Structures are given as structure tokens and as C-alpha cells.
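Structure file my_file-v2.cif; described as mmCIF, C-alpha atoms; chains and numbers go by the auth columns.
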```cif
data_run
#
loop_
_atom_site.group_PDB
_atom_site.id
_atom_site.type_symbol
_atom_site.label_atom_id
_atom_site.label_comp_id
_atom_site.label_asym_id
_atom_site.label_seq_id
_atom_site.Cartn_x
_atom_site.Cartn_y
_atom_site.Cartn_z
_atom_site.B_iso_or_equiv
_atom_site.auth_seq_id
_atom_site.auth_asym_id
ATOM 1 C CA MET A 1 -6.441 5.554 -6.580 0.00 1 A
ATOM 2 C CA ARG A 2 -6.476 1.800 -6.935 0.00 2 A
ATOM 3 C CA PHE A 3 -4.954 -0.743 -4.558 0.00 3 A
ATOM 4 C CA ASP A 4 -4.626 -4.368 -5.656 0.00 4 A
ATOM 5 C CA ILE A 5 -3.600 -6.725 -2.870 0.00 5 A
ATOM 6 C CA LEU A 6 -2.170 -10.167 -3.650 0.00 6 A
ATOM 7 C CA THR A 7 -2.362 -12.696 -0.829 0.00 7 A
ATOM 8 C CA ILE A 8 -3.082 -16.350 -0.065 0.00 8 A
ATOM 9 C CA PHE A 9 -5.404 -15.321 2.774 0.00 9 A
ATOM 10 C CA PRO A 10 -7.885 -12.885 1.213 0.00 10 A
ATOM 11 C CA LYS A 11 -10.473 -13.181 4.002 0.00 11 A
ATOM 12 C CA ILE A 12 -8.090 -11.438 6.397 0.00 12 A
ATOM 13 C CA PHE A 13 -9.014 -8.162 4.712 0.00 13 A
ATOM 14 C CA ASP A 14 -12.792 -8.533 4.872 0.00 14 A
ATOM 15 C CA SER A 15 -13.458 -6.769 8.171 0.00 15 A
ATOM 16 C CA TYR A 16 -10.803 -4.063 8.070 0.00 16 A
ATOM 17 C CA LEU A 17 -11.391 -2.762 4.558 0.00 17 A
ATOM 18 C CA ASP A 18 -15.163 -2.705 4.995 0.00 18 A
ATOM 19 C CA GLN A 19 -15.263 -0.386 7.998 0.00 19 A
ATOM 20 C CA SER A 20 -15.201 3.304 8.814 0.00 20 A
ATOM 21 C CA ILE A 21 -13.219 5.728 6.659 0.00 21 A
ATOM 22 C CA LEU A 22 -11.989 3.185 4.112 0.00 22 A
ATOM 23 C CA LYS A 23 -15.529 1.900 3.568 0.00 23 A
ATOM 24 C CA ARG A 24 -16.850 5.425 2.940 0.00 24 A
ATOM 25 C CA ALA A 25 -13.963 6.269 0.613 0.00 25 A
ATOM 26 C CA GLN A 26 -14.728 3.193 -1.487 0.00 26 A
ATOM 27 C CA ALA A 27 -18.449 3.964 -1.513 0.00 27 A
ATOM 28 C CA LYS A 28 -17.662 7.469 -2.819 0.00 28 A
ATOM 29 C CA LYS A 29 -15.336 5.890 -5.411 0.00 29 A
ATOM 30 C CA ILE A 30 -12.374 7.941 -4.219 0.00 30 A
ATOM 31 C CA ILE A 31 -10.327 4.775 -3.817 0.00 31 A
ATOM 32 C CA GLU A 32 -10.681 1.220 -5.092 0.00 32 A
ATOM 33 C CA ILE A 33 -9.415 -1.787 -3.140 0.00 33 A
ATOM 34 C CA HIS A 34 -9.278 -5.210 -4.779 0.00 34 A
ATOM 35 C CA VAL A 35 -8.015 -8.352 -3.041 0.00 35 A
ATOM 36 C CA HIS A 36 -6.738 -11.254 -5.172 0.00 36 A
ATOM 37 C CA ASP A 37 -6.118 -14.832 -4.036 0.00 37 A
ATOM 38 C CA ILE A 38 -2.722 -16.001 -5.324 0.00 38 A
ATOM 39 C CA ARG A 39 -3.837 -19.618 -4.966 0.00 39 A
ATOM 40 C CA THR A 40 -6.235 -19.252 -7.893 0.00 40 A
ATOM 41 C CA TYR A 41 -3.186 -18.901 -10.156 0.00 41 A
ATOM 42 C CA SER A 42 -1.547 -22.124 -8.957 0.00 42 A
ATOM 43 C CA LYS A 43 -1.337 -24.980 -11.442 0.00 43 A
ATOM 44 C CA GLN A 44 -0.365 -27.463 -8.723 0.00 44 A
ATOM 45 C CA SER A 45 -2.706 -29.972 -7.133 0.00 45 A
ATOM 46 C CA HIS A 46 -4.658 -28.603 -4.184 0.00 46 A
ATOM 47 C CA LYS A 47 -3.624 -25.107 -5.324 0.00 47 A
ATOM 48 C CA LYS A 48 -0.229 -25.474 -3.641 0.00 48 A
ATOM 49 C CA VAL A 49 1.846 -22.252 -3.600 0.00 49 A
ATOM 50 C CA ASP A 50 4.884 -23.218 -1.488 0.00 50 A
ATOM 51 C CA ASP A 51 7.791 -25.645 -1.556 0.00 51 A
ATOM 52 C CA ILE A 52 10.936 -26.557 0.381 0.00 52 A
ATOM 53 C CA PRO A 53 13.880 -24.141 0.035 0.00 53 A
ATOM 54 C CA TYR A 54 16.892 -25.063 -2.066 0.00 54 A
ATOM 55 C CA GLY A 55 19.933 -25.395 0.176 0.00 55 A
ATOM 56 C CA GLY A 56 17.865 -26.628 3.094 0.00 56 A
ATOM 57 C CA GLY A 57 16.638 -24.782 6.114 0.00 57 A
ATOM 58 C CA ALA A 58 13.467 -24.411 8.130 0.00 58 A
ATOM 59 C CA GLY A 59 10.138 -23.362 6.684 0.00 59 A
ATOM 60 C CA MET A 60 8.762 -23.147 3.176 0.00 60 A
ATOM 61 C CA VAL A 61 9.153 -20.642 0.349 0.00 61 A
ATOM 62 C CA MET A 62 6.363 -19.316 -1.871 0.00 62 A
ATOM 63 C CA THR A 63 6.869 -20.582 -5.425 0.00 63 A
ATOM 64 C CA PRO A 64 7.369 -18.062 -8.231 0.00 64 A
ATOM 65 C CA GLU A 65 4.893 -19.170 -10.918 0.00 65 A
ATOM 66 C CA PRO A 66 1.545 -18.372 -9.247 0.00 66 A
ATOM 67 C CA ILE A 67 2.833 -15.040 -7.954 0.00 67 A
ATOM 68 C CA TYR A 68 4.214 -14.096 -11.368 0.00 68 A
ATOM 69 C CA ASP A 69 0.972 -15.038 -13.121 0.00 69 A
ATOM 70 C CA ALA A 70 -1.106 -13.169 -10.546 0.00 70 A
ATOM 71 C CA ILE A 71 0.926 -9.987 -10.964 0.00 71 A
ATOM 72 C CA LYS A 72 0.789 -10.195 -14.757 0.00 72 A
ATOM 73 C CA ALA A 73 -3.007 -10.563 -14.623 0.00 73 A
ATOM 74 C CA VAL A 74 -3.450 -7.662 -12.211 0.00 74 A
ATOM 75 C CA LYS A 75 -1.106 -5.470 -14.277 0.00 75 A
ATOM 76 C CA LYS A 76 -3.811 -5.404 -16.965 0.00 76 A
ATOM 77 C CA LEU A 77 -6.027 -3.598 -14.468 0.00 77 A
ATOM 78 C CA ASN A 78 -3.492 -1.565 -12.535 0.00 78 A
ATOM 79 C CA LYS A 79 -0.380 -0.046 -14.121 0.00 79 A
ATOM 80 C CA GLY A 80 1.097 0.957 -10.779 0.00 80 A
ATOM 81 C CA ARG A 81 4.241 -0.216 -9.055 0.00 81 A
ATOM 82 C CA VAL A 82 4.525 -3.589 -7.353 0.00 82 A
ATOM 83 C CA ILE A 83 5.409 -3.302 -3.668 0.00 83 A
ATOM 84 C CA TYR A 84 6.502 -6.356 -1.668 0.00 84 A
ATOM 85 C CA PHE A 85 6.397 -6.204 2.125 0.00 85 A
ATOM 86 C CA SER A 86 9.583 -7.549 3.658 0.00 86 A
ATOM 87 C CA PRO A 87 11.655 -6.973 6.847 0.00 87 A
ATOM 88 C CA ARG A 88 14.590 -5.993 4.616 0.00 88 A
ATOM 89 C CA GLY A 89 12.595 -3.292 2.835 0.00 89 A
ATOM 90 C CA ASP A 90 12.795 0.462 3.349 0.00 90 A
ATOM 91 C CA LEU A 91 10.845 1.693 6.360 0.00 91 A
ATOM 92 C CA LEU A 92 7.415 3.154 5.591 0.00 92 A
ATOM 93 C CA THR A 93 7.134 6.644 7.119 0.00 93 A
ATOM 94 C CA GLN A 94 4.572 9.453 7.050 0.00 94 A
ATOM 95 C CA GLN A 95 6.826 11.358 4.662 0.00 95 A
ATOM 96 C CA GLY A 96 6.947 8.308 2.425 0.00 96 A
ATOM 97 C CA ALA A 97 3.151 7.962 2.526 0.00 97 A
ATOM 98 C CA GLU A 98 2.868 11.582 1.404 0.00 98 A
ATOM 99 C CA LYS A 99 5.079 10.866 -1.592 0.00 99 A
ATOM 100 C CA TYR A 100 3.021 7.814 -2.580 0.00 100 A
ATOM 101 C CA ALA A 101 -0.160 9.897 -2.449 0.00 101 A
ATOM 102 C CA GLU A 102 1.467 12.691 -4.464 0.00 102 A
ATOM 103 C CA GLU A 103 2.383 10.235 -7.202 0.00 103 A
ATOM 104 C CA LEU A 104 -1.274 9.862 -8.040 0.00 104 A
ATOM 105 C CA VAL A 105 -2.956 13.120 -7.071 0.00 105 A
ATOM 106 C CA GLY A 106 -0.125 15.558 -7.769 0.00 106 A
ATOM 107 C CA LYS A 107 1.433 18.007 -5.333 0.00 107 A
ATOM 108 C CA SER A 108 -1.576 20.317 -5.547 0.00 108 A
ATOM 109 C CA GLY A 109 -3.743 17.514 -4.211 0.00 109 A
ATOM 110 C CA LYS A 110 -6.574 18.599 -6.479 0.00 110 A
ATOM 111 C CA LYS A 111 -6.163 16.366 -9.508 0.00 111 A
ATOM 112 C CA PHE A 112 -7.458 12.873 -9.118 0.00 112 A
ATOM 113 C CA SER A 113 -8.238 10.183 -11.624 0.00 113 A
ATOM 114 C CA THR A 114 -9.721 6.731 -11.080 0.00 114 A
ATOM 115 C CA SER A 115 -7.594 5.436 -13.933 0.00 115 A
ATOM 116 C CA LYS A 116 -5.494 2.283 -13.921 0.00 116 A
ATOM 117 C CA LYS A 117 -2.950 3.963 -11.680 0.00 117 A
ATOM 118 C CA GLY A 118 -2.281 2.794 -8.166 0.00 118 A
ATOM 119 C CA PHE A 119 -0.253 0.194 -6.300 0.00 119 A
ATOM 120 C CA ILE A 120 -0.017 -3.585 -6.425 0.00 120 A
ATOM 121 C CA LEU A 121 0.721 -4.880 -2.928 0.00 121 A
ATOM 122 C CA LEU A 122 2.282 -8.320 -2.626 0.00 122 A
ATOM 123 C CA CYS A 123 1.908 -10.159 0.682 0.00 123 A
ATOM 124 C CA GLY A 124 4.413 -12.909 1.345 0.00 124 A
ATOM 125 C CA ARG A 125 4.065 -15.810 3.782 0.00 125 A
ATOM 126 C CA TYR A 126 6.222 -18.562 5.291 0.00 126 A
ATOM 127 C CA GLU A 127 9.944 -17.805 4.845 0.00 127 A
ATOM 128 C CA GLY A 128 9.132 -15.390 2.050 0.00 128 A
ATOM 129 C CA ILE A 129 8.884 -15.526 -1.732 0.00 129 A
ATOM 130 C CA ASP A 130 11.253 -16.876 -4.365 0.00 130 A
ATOM 131 C CA GLU A 131 13.907 -14.209 -4.971 0.00 131 A
ATOM 132 C CA ARG A 132 13.360 -14.351 -8.724 0.00 132 A
ATOM 133 C CA ILE A 133 9.974 -12.694 -8.285 0.00 133 A
ATOM 134 C CA ILE A 134 11.718 -9.752 -6.662 0.00 134 A
ATOM 135 C CA ASP A 135 14.223 -9.638 -9.521 0.00 135 A
ATOM 136 C CA LEU A 136 11.583 -9.868 -12.249 0.00 136 A
ATOM 137 C CA VAL A 137 8.478 -7.965 -11.197 0.00 137 A
ATOM 138 C CA VAL A 138 8.845 -6.276 -7.792 0.00 138 A
ATOM 139 C CA ASP A 139 9.568 -2.545 -7.993 0.00 139 A
ATOM 140 C CA GLU A 140 10.064 -1.828 -4.319 0.00 140 A
ATOM 141 C CA GLU A 141 10.355 -3.564 -0.949 0.00 141 A
ATOM 142 C CA LEU A 142 8.805 -1.967 2.134 0.00 142 A
ATOM 143 C CA SER A 143 8.858 -2.686 5.862 0.00 143 A
ATOM 144 C CA ILE A 144 6.634 -1.250 8.588 0.00 144 A
ATOM 145 C CA GLY A 145 9.098 -1.882 11.418 0.00 145 A
ATOM 146 C CA LYS A 146 12.124 -3.737 12.715 0.00 146 A
ATOM 147 C CA TYR A 147 10.296 -6.934 13.599 0.00 147 A
ATOM 148 C CA VAL A 148 8.979 -10.015 11.802 0.00 148 A
ATOM 149 C CA LEU A 149 5.303 -10.753 11.107 0.00 149 A
ATOM 150 C CA THR A 150 3.723 -13.972 9.889 0.00 150 A
ATOM 151 C CA GLY A 151 2.818 -12.353 6.579 0.00 151 A
ATOM 152 C CA GLY A 152 2.503 -9.171 4.562 0.00 152 A
ATOM 153 C CA GLU A 153 -1.221 -8.682 5.128 0.00 153 A
ATOM 154 C CA ILE A 154 -0.912 -6.324 8.110 0.00 154 A
ATOM 155 C CA PRO A 155 1.722 -4.181 6.321 0.00 155 A
ATOM 156 C CA ALA A 156 -0.573 -4.060 3.269 0.00 156 A
ATOM 157 C CA MET A 157 -3.463 -2.798 5.400 0.00 157 A
ATOM 158 C CA THR A 158 -1.119 -0.263 6.998 0.00 158 A
ATOM 159 C CA PHE A 159 -0.031 0.998 3.582 0.00 159 A
ATOM 160 C CA VAL A 160 -3.599 1.308 2.279 0.00 160 A
ATOM 161 C CA ASP A 161 -4.712 3.112 5.427 0.00 161 A
ATOM 162 C CA CYS A 162 -1.898 5.652 5.761 0.00 162 A
ATOM 163 C CA VAL A 163 -1.791 6.515 2.044 0.00 163 A
ATOM 164 C CA SER A 164 -5.574 6.632 1.531 0.00 164 A
ATOM 165 C CA ARG A 165 -6.171 9.180 4.273 0.00 165 A
ATOM 166 C CA LEU A 166 -3.925 11.619 2.377 0.00 166 A
ATOM 167 C CA ILE A 167 -6.149 11.472 -0.719 0.00 167 A
ATOM 168 C CA PRO A 168 -8.514 14.455 -1.084 0.00 168 A
ATOM 169 C CA GLY A 169 -12.026 13.600 0.041 0.00 169 A
ATOM 170 C CA VAL A 170 -11.164 10.523 2.108 0.00 170 A
ATOM 171 C CA LEU A 171 -11.214 12.330 5.468 0.00 171 A
ATOM 172 C CA GLY A 172 -14.095 14.556 6.502 0.00 172 A
ATOM 173 C CA LYS A 173 -11.770 17.549 6.913 0.00 173 A
ATOM 174 C CA GLU A 174 -8.596 17.940 4.882 0.00 174 A
ATOM 175 C CA GLU A 175 -6.844 19.683 7.791 0.00 175 A
ATOM 176 C CA SER A 176 -7.204 16.461 9.788 0.00 176 A
ATOM 177 C CA HIS A 177 -4.077 15.012 8.185 0.00 177 A
ATOM 178 C CA LEU A 178 -2.212 18.292 7.654 0.00 178 A
ATOM 179 C CA ASN A 179 -1.450 18.516 11.382 0.00 179 A
ATOM 180 C CA ASP A 180 -1.018 14.818 12.096 0.00 180 A
ATOM 181 C CA SER A 181 1.974 13.405 13.921 0.00 181 A
ATOM 182 C CA PHE A 182 5.068 13.390 11.676 0.00 182 A
ATOM 183 C CA SER A 183 3.441 15.840 9.233 0.00 183 A
ATOM 184 C CA LYS A 184 5.425 18.612 7.589 0.00 184 A
ATOM 185 C CA ALA A 185 3.382 21.232 9.475 0.00 185 A
ATOM 186 C CA LEU A 186 4.523 19.747 12.788 0.00 186 A
ATOM 187 C CA LYS A 187 8.120 19.521 11.603 0.00 187 A
ATOM 188 C CA ARG A 188 7.880 15.700 11.540 0.00 188 A
ATOM 189 C CA LYS A 189 7.368 15.585 15.306 0.00 189 A
ATOM 190 C CA LYS A 190 4.715 13.724 17.301 0.00 190 A
ATOM 191 C CA GLU A 191 1.457 15.560 17.793 0.00 191 A
ATOM 192 C CA TYR A 192 0.557 17.647 20.870 0.00 192 A
ATOM 193 C CA PRO A 193 -1.860 16.243 23.545 0.00 193 A
ATOM 194 C CA HIS A 194 -5.621 16.332 22.909 0.00 194 A
ATOM 195 C CA TYR A 195 -8.435 16.884 25.412 0.00 195 A
ATOM 196 C CA THR A 196 -12.242 16.895 25.397 0.00 196 A
ATOM 197 C CA ARG A 197 -15.096 16.893 27.939 0.00 197 A
ATOM 198 C CA PRO A 198 -15.180 16.614 30.926 0.00 198 A
ATOM 199 C CA ARG A 199 -12.864 19.396 32.035 0.00 199 A
ATOM 200 C CA VAL A 200 -11.776 17.355 35.072 0.00 200 A
ATOM 201 C CA PHE A 201 -11.430 13.570 34.968 0.00 201 A
ATOM 202 C CA LYS A 202 -10.058 11.541 37.891 0.00 202 A
ATOM 203 C CA ASN A 203 -8.598 14.779 39.314 0.00 203 A
ATOM 204 C CA LYS A 204 -6.777 15.412 36.034 0.00 204 A
ATOM 205 C CA LYS A 205 -7.549 18.884 34.623 0.00 205 A
ATOM 206 C CA VAL A 206 -7.453 20.147 31.065 0.00 206 A
ATOM 207 C CA PRO A 207 -4.767 22.889 30.718 0.00 207 A
ATOM 208 C CA ASP A 208 -6.300 26.340 31.270 0.00 208 A
ATOM 209 C CA VAL A 209 -4.734 27.773 28.119 0.00 209 A
ATOM 210 C CA LEU A 210 -7.083 25.658 25.979 0.00 210 A
ATOM 211 C CA PHE A 211 -10.038 27.596 27.437 0.00 211 A
ATOM 212 C CA SER A 212 -8.447 31.013 26.955 0.00 212 A
ATOM 213 C CA GLY A 213 -9.821 31.665 23.479 0.00 213 A
ATOM 214 C CA ASN A 214 -6.417 33.129 22.609 0.00 214 A
ATOM 215 C CA HIS A 215 -5.421 31.250 19.434 0.00 215 A
ATOM 216 C CA LYS A 216 -1.848 32.544 19.562 0.00 216 A
ATOM 217 C CA ASP A 217 -1.344 31.228 23.095 0.00 217 A
ATOM 218 C CA ILE A 218 -2.995 27.907 22.213 0.00 218 A
ATOM 219 C CA GLU A 219 -0.772 27.493 19.172 0.00 219 A
ATOM 220 C CA GLN A 220 2.303 28.321 21.248 0.00 220 A
ATOM 221 C CA TRP A 221 1.277 25.756 23.901 0.00 221 A
ATOM 222 C CA ARG A 222 0.752 23.093 21.240 0.00 222 A
ATOM 223 C CA ASN A 223 4.143 23.810 19.648 0.00 223 A
ATOM 224 C CA GLN A 224 5.793 23.532 23.052 0.00 224 A
ATOM 225 C CA HIS A 225 4.246 20.099 23.576 0.00 225 A
ATOM 226 C CA LEU A 226 5.312 18.512 20.305 0.00 226 A
ATOM 227 C CA LYS A 227 7.484 15.467 20.928 0.00 227 A
#
```

Taking this structure as input, can you express it in the form of C-alpha cells?
Amino acid sequence: MRFDILTIFPKIFDSYLDQSILKRAQAKKIIEIHVHDIRTYSKQSHKKVDDIPYGGGAGMVMTPEPIYDAIKAVKKLNKGRVIYFSPRGDLLTQQGAEKYAEELVGKSGKKFSTSKKGFILLCGRYEGIDERIIDLVVDEELSIGKYVLTGGEIPAMTFVDCVSRLIPGVLGKEESHLNDSFSKALKRKKEYPHYTRPRVFKNKKVPDVLFSGNHKDIEQWRNQHLK
């Protein structure tokens, strides 16, 4: 699976994408993540990518030409859909992440190809992007919550993270995501509580049932504590 991220602040991604699970998944060539600087496609002096909005108002709007050219260039490498992160977009959910992963690996989860298929993730800034970009080349708008961020970089990292971990081989154990919060196995509910050593911490004890060795009772307890 290939992720191409378009942004005017590419360095934001340096630390997050080069750590932990995502780093290992890239090293094993299970996923590819490429970050592109939209400014390199600007034909304006000083690589300017924003301008004042028609009709007046506060803030600036990202101009269409560099974004359009960037997407067209990346499309030669990645034939996937273009997703723009916006407060007015559909809310990204675990069920949605599962569908995005299935698009590329199939419902069986066993077929995977490092072809030109994936997602192109567009990160806006300022007051947003020129609407004509959405009309011309954006396939879908997504939001990660009912609040406003300074840009689409955090939503892009969220998308890469939650979709990648559903790809076979990314996590150490496949069952790790099968029983996650909001998973189908847990009936889209929040996960049950987790405990580890020590058995008593600050006078708080681990429930006795988890030491019983009775898998049926443990499963029943966990189902009763789904939220």
C-alpha cells in the first residue's frame, strides 16, 4: 500500500513516520509513505502558495495551480484516490479504516501488492484550499473530529496510522487489531480494561477472574466490560 502526502510543511512528518510500527512496516516494504512539498510546484516568486480570498474575509486561501500540478505529478506514481482533510468531510471511523484497507488487500486480507495503488492525502492550511481543486481532482473529503486544526497534517498521520495497522504484516500479531476498540468482533464498542503486573498497585487489585484460567469466564467478564 502506498501513501502519498501533499503538504507545505513536509518536515512535520519526519519524526512520526520514522518511528515504531510504521518504521518497521516501511522497512519490510509492506507500506510505502512518500511526503511531497507542494511549494516545489509553485511558479510564484518565493514559492508562494496562498493568496487573499475573493469576496474578502480573514485569512488566506491556498492557490489551485501548485496543488493541481502536485496531484497530477503524484498520480503518475499512485493511481489511488485523492483524499482532502477538511472539517466538513465525512468522519473517519474504525469501520471506515477497515474499508480503506480492504480496497487494497481484499476482504480475505491475504492478497497484497506494492503496485501503484494507494491513497493521495492532501493537507490544507490557512482558510483551506481553492474550491476548484475539490471540484477537479479531490475524490473524497475526510474529517477526524468536530473541531478545527491548523492544517491537514495531523489528520493525514491519523489516516496513515489507523489504516496501516490493518494491513497484514504491519502488526506483530494479526489478532491485535481484530479485537481493538470499535472492531467488528467487539460489536463496534470500546475495548474492555487491560491489566498487567503488579497484581496490586496503589491498593488497586486486578480482578480475580483474570487469574482463574477459565477462558469462558474471562471472555464473559470482558464482554460485560465493553463500553

*Would you work out the distance separating CA of Ile129 (chain A) from CA of Met62 (chain A), expressed in Å to one decimal?*
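CA of Met62 (chain A) lies at a distance of 4.6 Å from CA of Ile129 (chain A).
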
*Result set of the PyMOL selection byres ((chain A and resi 182-192) around 10) on the coordinates above, as a ChimeraX atom specification*: /A:93-95,98,177-181,193-194,221-227

Could you take the residues named above and write them with C-alpha atoms, as a PDB file, keeping the file's coordinate frame?
```pdb
ATOM      1  CA  THR A  93       7.134   6.644   7.119  1.00  0.00           C
ATOM      2  CA  GLN A  94       4.572   9.453   7.050  1.00  0.00           C
ATOM      3  CA  GLN A  95       6.826  11.358   4.662  1.00  0.00           C
ATOM      4  CA  GLU A  98       2.868  11.582   1.404  1.00  0.00           C
ATOM      5  CA  HIS A 177      -4.077  15.012   8.185  1.00  0.00           C
ATOM      6  CA  LEU A 178      -2.212  18.292   7.654  1.00  0.00           C
ATOM      7  CA  ASN A 179      -1.450  18.516  11.382  1.00  0.00           C
ATOM      8  CA  ASP A 180      -1.018  14.818  12.096  1.00  0.00           C
ATOM      9  CA  SER A 181       1.974  13.405  13.921  1.00  0.00           C
ATOM     10  CA  PRO A 193      -1.860  16.243  23.545  1.00  0.00           C
ATOM     11  CA  HIS A 194      -5.621  16.332  22.909  1.00  0.00           C
ATOM     12  CA  TRP A 221       1.277  25.756  23.901  1.00  0.00           C
ATOM     13  CA  ARG A 222       0.752  23.093  21.240  1.00  0.00           C
ATOM     14  CA  ASN A 223       4.143  23.810  19.648  1.00  0.00           C
ATOM     15  CA  GLN A 224       5.793  23.532  23.052  1.00  0.00           C
ATOM     16  CA  HIS A 225       4.246  20.099  23.576  1.00  0.00           C
ATOM     17  CA  LEU A 226       5.312  18.512  20.305  1.00  0.00           C
ATOM     18  CA  LYS A 227       7.484  15.467  20.928  1.00  0.00           C
TER      19      LYS A 227
END
```

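Taking only C-alpha atoms into account, Val61 (chain A) lies nearest to A:Gly124 out of the set A:Phe201, A:Gly124, A:Lys216, A:Gly145.
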
Quick one: everything within 12 Å of Thr158 (chain A), counting only C-alpha atoms, minus sequence neighbours fewer than 3 positions away in the same chain. Send it as a short mmCIF file (atom, residue, chain, number, x, y, z; two decimals) with C-alpha atoms, in the coordinates of the input.
```
data_model
loop_
_atom_site.label_atom_id
_atom_site.label_comp_id
_atom_site.auth_asym_id
_atom_site.auth_seq_id
_atom_site.Cartn_x
_atom_site.Cartn_y
_atom_site.Cartn_z
CA PHE A 13 -9.01 -8.16 4.71
CA TYR A 16 -10.80 -4.06 8.07
CA LEU A 17 -11.39 -2.76 4.56
CA LEU A 22 -11.99 3.18 4.11
CA PHE A 85 6.40 -6.20 2.12
CA LEU A 92 7.42 3.15 5.59
CA THR A 93 7.13 6.64 7.12
CA GLN A 94 4.57 9.45 7.05
CA ALA A 97 3.15 7.96 2.53
CA LEU A 121 0.72 -4.88 -2.93
CA LEU A 142 8.80 -1.97 2.13
CA SER A 143 8.86 -2.69 5.86
CA ILE A 144 6.63 -1.25 8.59
CA GLY A 145 9.10 -1.88 11.42
CA GLY A 152 2.50 -9.17 4.56
CA GLU A 153 -1.22 -8.68 5.13
CA ILE A 154 -0.91 -6.32 8.11
CA PRO A 155 1.72 -4.18 6.32
CA ASP A 161 -4.71 3.11 5.43
CA CYS A 162 -1.90 5.65 5.76
CA VAL A 163 -1.79 6.52 2.04
CA SER A 164 -5.57 6.63 1.53
CA ARG A 165 -6.17 9.18 4.27
#
```

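Each of A:Gly128, A:Ser15, A:Val209, A:Lys23 was compared to Ile52 (chain A) using all atoms listed in the file, and A:Gly128 turns out to be the nearest.
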
_As a check of understanding, name the residues that the PyMOL selection byres ((chain A and resi 150) around 7) selects in the supplied structure, as an NGL selection string._
:A and (125-126 or 148-149 or 151)

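In this structure, CA of Lys11 (chain A) sits 21.9 Å away from CA of Lys75 (chain A).
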
*Pull the neighbourhood of (-6.8, -5.2, -13.8) for me: all residues within 12 Å in file coordinates, counting only C-alpha atoms, as an NGL selection string.*
:A and (2-5 or 32-36 or 70-80 or 115-120)

*Looking at all atoms listed in the file, which of A:Ala101, A:Ile134, A:Ile67, A:Val200 is the one that sits closest to Ile38 (chain A)?*
A:Ile67

Show which residues sit within 9 Å of Gly169 (chain A), as an mmCIF file with C-alpha atoms, in the frame of the given file. Count all atoms listed in the file, and ignore same-chain residues fewer than 6 positions away.
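Final output, result.cif:
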```
data_model
loop_
_atom_site.group_PDB
_atom_site.id
_atom_site.type_symbol
_atom_site.label_atom_id
_atom_site.label_comp_id
_atom_site.auth_asym_id
_atom_site.auth_seq_id
_atom_site.Cartn_x
_atom_site.Cartn_y
_atom_site.Cartn_z
ATOM 1 C CA ALA A 25 -13.963 6.269 0.613
ATOM 2 C CA LYS A 28 -17.662 7.469 -2.819
ATOM 3 C CA ILE A 30 -12.374 7.941 -4.219
#
```

*Go through A:Asp130, A:Gly106, A:Leu171, A:Asp18 and flag the residue nearest Met60 (chain A), using all atoms listed in the file for the distances.*
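For Met60 (chain A), the nearest of the given residues is A:Asp130.
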
*Write out as a ChimeraX atom specification each polymer residue whose atoms come within 12 Å of Arg199 (chain A), counting only C-alpha atoms; drop sequence neighbours fewer than 5 positions from it.*
/A:204-208,210-211

Deliver the residues from the most recent selection as a file, using C-alpha atoms, as a PDB file, in the frame of the given file.
```
ATOM      1  CA  LYS A 204      -6.777  15.412  36.034  1.00  0.00           C
ATOM      2  CA  LYS A 205      -7.549  18.884  34.623  1.00  0.00           C
ATOM      3  CA  VAL A 206      -7.453  20.147  31.065  1.00  0.00           C
ATOM      4  CA  PRO A 207      -4.767  22.889  30.718  1.00  0.00           C
ATOM      5  CA  ASP A 208      -6.300  26.340  31.270  1.00  0.00           C
ATOM      6  CA  LEU A 210      -7.083  25.658  25.979  1.00  0.00           C
ATOM      7  CA  PHE A 211     -10.038  27.596  27.437  1.00  0.00           C
TER       8      PHE A 211
END
```

*asked:* Using all atoms listed in the file for the distances, tell me which of A:Arg24, A:His215, A:Lys99, A:Lys43 is nearest to Thr63 (chain A).
replied: A:Lys43

*From A:Ile12, A:Val82, A:Val160, A:Leu91, residue lying nearest Ile31 (chain A) [all atoms listed in the file]*: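 With all atoms listed in the file as the atom set, the closest residue is A:Val160.
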
_If we count only C-alpha atoms and set the cut-off at 8 Å, which residues sit around Asp37 (chain A), ignoring sequence neighbours fewer than 3 positions away in its own chain? Please answer as a list of chain:residue names._
A:Leu6, A:Thr7, A:Ile8, A:Phe9, A:Pro10, A:Thr40, A:Tyr41

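Taking CA of Ala27 (chain A) and CA of Met1 (chain A) as endpoints, the distance between them is 13.1 Å.
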